[in-house]
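To keep things clear, I will list the structure first and then write my remarks on it.
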Amino acid sequence: MSAFSALRPPEPATPHPPSFPAPDPVVDADLCRQCGACWTICPARAIDESARPLEFDYDRCIRCCCCIEVCPYGALHTVDPLPGRMIRKLIARFS
Ligand code: SF4
Ligand code: SF4
């Protein structure tokens, strides 16, 4: 069990609405040391710490990037799925 586990927020009563099409957080398995900082801070309980490597539930994730901010090993970053890129380009073009 991680030292962070006792600090983990409770399960949200209702899942946060997803923030599609914002970029998705992903983990670099070679850098992750399973320290627990990310899944402890996640307000949406969207990180499955029992998976190796960590897995994200993108239906729950609100794309707040808190996990990326707190990772002490630089193991998290975002990827921008194609639909999100296309929608943002269209918004930028017509706004
Ligand atoms: S904070 Fe970083 S190193 Fe720690 S478990 Fe999460 S991804 Fe892995
Ligand atoms: S981006 Fe936010 S909601 Fe999504 S997994 Fe990271 S901390 Fe959780």
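Identifiers in the structure tokens: chain A, B, ... in order shown; residue index from 1 per chain; ligand index from 1 in order shown.
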Report task. Within 9 Å of ligand 2, which residues show up when you count only C-alpha atoms and all ligand atoms? List them as a ChimeraX atom specification, please. Result -> /A:16,18,23-26,38-47,55-58,60-70,76,78
Report task. Please identify every polymer residue within 8 Å of ligand 1, using only C-alpha atoms and all ligand atoms, and present the set as a PyMOL selection string. Result -> chain A and resi 27-29+31-39+49+54+67-68+70-76
Next, the residues of the selection above should be written as a PDB file, in the first residue's frame with N, CA and C atoms.
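Wrote it out as result37.pdb, contents follow:
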```pdb
ATOM      1  N   VAL A  27       0.471   7.143 -19.045  1.00  0.00           N
ATOM      2  CA  VAL A  27       1.640   6.878 -18.207  1.00  0.00           C
ATOM      3  C   VAL A  27       2.749   6.253 -19.041  1.00  0.00           C
ATOM      4  N   ASP A  28       3.979   6.637 -18.719  1.00  0.00           N
ATOM      5  CA  ASP A  28       5.159   5.976 -19.268  1.00  0.00           C
ATOM      6  C   ASP A  28       5.562   4.905 -18.258  1.00  0.00           C
ATOM      7  N   ALA A  29       5.305   3.660 -18.602  1.00  0.00           N
ATOM      8  CA  ALA A  29       5.505   2.563 -17.656  1.00  0.00           C
ATOM      9  C   ALA A  29       6.963   2.451 -17.212  1.00  0.00           C
ATOM     10  N   LEU A  31       8.934   4.875 -16.491  1.00  0.00           N
ATOM     11  CA  LEU A  31       9.268   5.905 -15.498  1.00  0.00           C
ATOM     12  C   LEU A  31       8.449   5.778 -14.215  1.00  0.00           C
ATOM     13  N   CYS A  32       7.280   5.160 -14.306  1.00  0.00           N
ATOM     14  CA  CYS A  32       6.390   5.065 -13.144  1.00  0.00           C
ATOM     15  C   CYS A  32       6.984   4.164 -12.074  1.00  0.00           C
ATOM     16  N   ARG A  33       6.955   4.647 -10.843  1.00  0.00           N
ATOM     17  CA  ARG A  33       7.456   3.852  -9.704  1.00  0.00           C
ATOM     18  C   ARG A  33       6.339   3.481  -8.744  1.00  0.00           C
ATOM     19  N   GLN A  34       5.115   3.606  -9.182  1.00  0.00           N
ATOM     20  CA  GLN A  34       3.967   3.188  -8.358  1.00  0.00           C
ATOM     21  C   GLN A  34       3.966   3.885  -7.001  1.00  0.00           C
ATOM     22  N   CYS A  35       4.315   5.161  -6.983  1.00  0.00           N
ATOM     23  CA  CYS A  35       4.411   5.873  -5.700  1.00  0.00           C
ATOM     24  C   CYS A  35       3.046   6.223  -5.121  1.00  0.00           C
ATOM     25  N   GLY A  36       2.026   6.335  -5.973  1.00  0.00           N
ATOM     26  CA  GLY A  36       0.679   6.592  -5.484  1.00  0.00           C
ATOM     27  C   GLY A  36       0.258   8.046  -5.494  1.00  0.00           C
ATOM     28  N   ALA A  37       1.145   8.959  -5.830  1.00  0.00           N
ATOM     29  CA  ALA A  37       0.777  10.382  -5.793  1.00  0.00           C
ATOM     30  C   ALA A  37      -0.374  10.688  -6.751  1.00  0.00           C
ATOM     31  N   CYS A  38      -0.359  10.089  -7.915  1.00  0.00           N
ATOM     32  CA  CYS A  38      -1.374  10.431  -8.928  1.00  0.00           C
ATOM     33  C   CYS A  38      -2.751   9.901  -8.549  1.00  0.00           C
ATOM     34  N   TRP A  39      -2.827   8.639  -8.187  1.00  0.00           N
ATOM     35  CA  TRP A  39      -4.162   8.103  -7.897  1.00  0.00           C
ATOM     36  C   TRP A  39      -4.691   8.626  -6.574  1.00  0.00           C
ATOM     37  N   GLU A  49      -4.960   1.799  -9.932  1.00  0.00           N
ATOM     38  CA  GLU A  49      -3.602   1.556  -9.456  1.00  0.00           C
ATOM     39  C   GLU A  49      -3.259   0.082  -9.409  1.00  0.00           C
ATOM     40  N   LEU A  54      -0.310   1.584 -14.942  1.00  0.00           N
ATOM     41  CA  LEU A  54      -1.542   2.215 -14.510  1.00  0.00           C
ATOM     42  C   LEU A  54      -2.498   2.361 -15.677  1.00  0.00           C
ATOM     43  N   CYS A  67      -2.876  14.835 -11.849  1.00  0.00           N
ATOM     44  CA  CYS A  67      -1.967  13.690 -11.742  1.00  0.00           C
ATOM     45  C   CYS A  67      -0.618  14.010 -12.371  1.00  0.00           C
ATOM     46  N   ILE A  68      -0.662  14.699 -13.490  1.00  0.00           N
ATOM     47  CA  ILE A  68       0.580  15.043 -14.179  1.00  0.00           C
ATOM     48  C   ILE A  68       1.385  16.037 -13.340  1.00  0.00           C
ATOM     49  N   VAL A  70       1.480  16.352 -10.112  1.00  0.00           N
ATOM     50  CA  VAL A  70       2.062  15.839  -8.868  1.00  0.00           C
ATOM     51  C   VAL A  70       3.050  14.701  -9.068  1.00  0.00           C
ATOM     52  N   CYS A  71       3.095  14.114 -10.243  1.00  0.00           N
ATOM     53  CA  CYS A  71       3.991  12.961 -10.429  1.00  0.00           C
ATOM     54  C   CYS A  71       5.445  13.387 -10.221  1.00  0.00           C
ATOM     55  N   PRO A  72       6.103  12.819  -9.231  1.00  0.00           N
ATOM     56  CA  PRO A  72       7.478  13.241  -8.947  1.00  0.00           C
ATOM     57  C   PRO A  72       8.502  12.667  -9.912  1.00  0.00           C
ATOM     58  N   TYR A  73       8.090  11.766 -10.782  1.00  0.00           N
ATOM     59  CA  TYR A  73       9.040  11.107 -11.669  1.00  0.00           C
ATOM     60  C   TYR A  73       8.818  11.445 -13.137  1.00  0.00           C
ATOM     61  N   GLY A  74       7.942  12.369 -13.407  1.00  0.00           N
ATOM     62  CA  GLY A  74       7.709  12.764 -14.791  1.00  0.00           C
ATOM     63  C   GLY A  74       7.175  11.639 -15.647  1.00  0.00           C
ATOM     64  N   ALA A  75       6.394  10.746 -15.039  1.00  0.00           N
ATOM     65  CA  ALA A  75       5.937   9.560 -15.761  1.00  0.00           C
ATOM     66  C   ALA A  75       4.623   9.780 -16.483  1.00  0.00           C
ATOM     67  N   LEU A  76       4.001  10.939 -16.291  1.00  0.00           N
ATOM     68  CA  LEU A  76       2.699  11.182 -16.906  1.00  0.00           C
ATOM     69  C   LEU A  76       2.777  12.335 -17.890  1.00  0.00           C
TER      70      LEU A  76
END
```
Query - Closest of A:Ala22, A:Ala92, A:Leu7, A:Ala51 to Asp80 in chain A - atom-to-atom distances counting only C-alpha atoms - result: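 Result for the nearest residue to Asp80 in chain A: A:Ala22.
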Requested in this report: Quick one: pull the distance between CA of Asp48 in chain A and CA of Glu11 in chain A, Å, one decimal.
Outcome: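 CA of Glu11 in chain A lies at a distance of 12.9 Å from CA of Asp48 in chain A.
The space separating CA of Pro81 in chain A from CA of Phe94 in chain A comes to 20.6 Å.
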Report task. Please identify which residues in range 40-77 of chain A DSSP calls strand (DSSP E) from the backbone, and express them as a PyMOL selection string. Result -> chain A and resi 47-48+55-56+76-77
Query raised in the report: Hey, can you check how far CA of Arg85 in chain A sits from CA of Asp59 in chain A?
Result: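 Taking CA of Arg85 in chain A and CA of Asp59 in chain A, their separation equals 18.2 Å.
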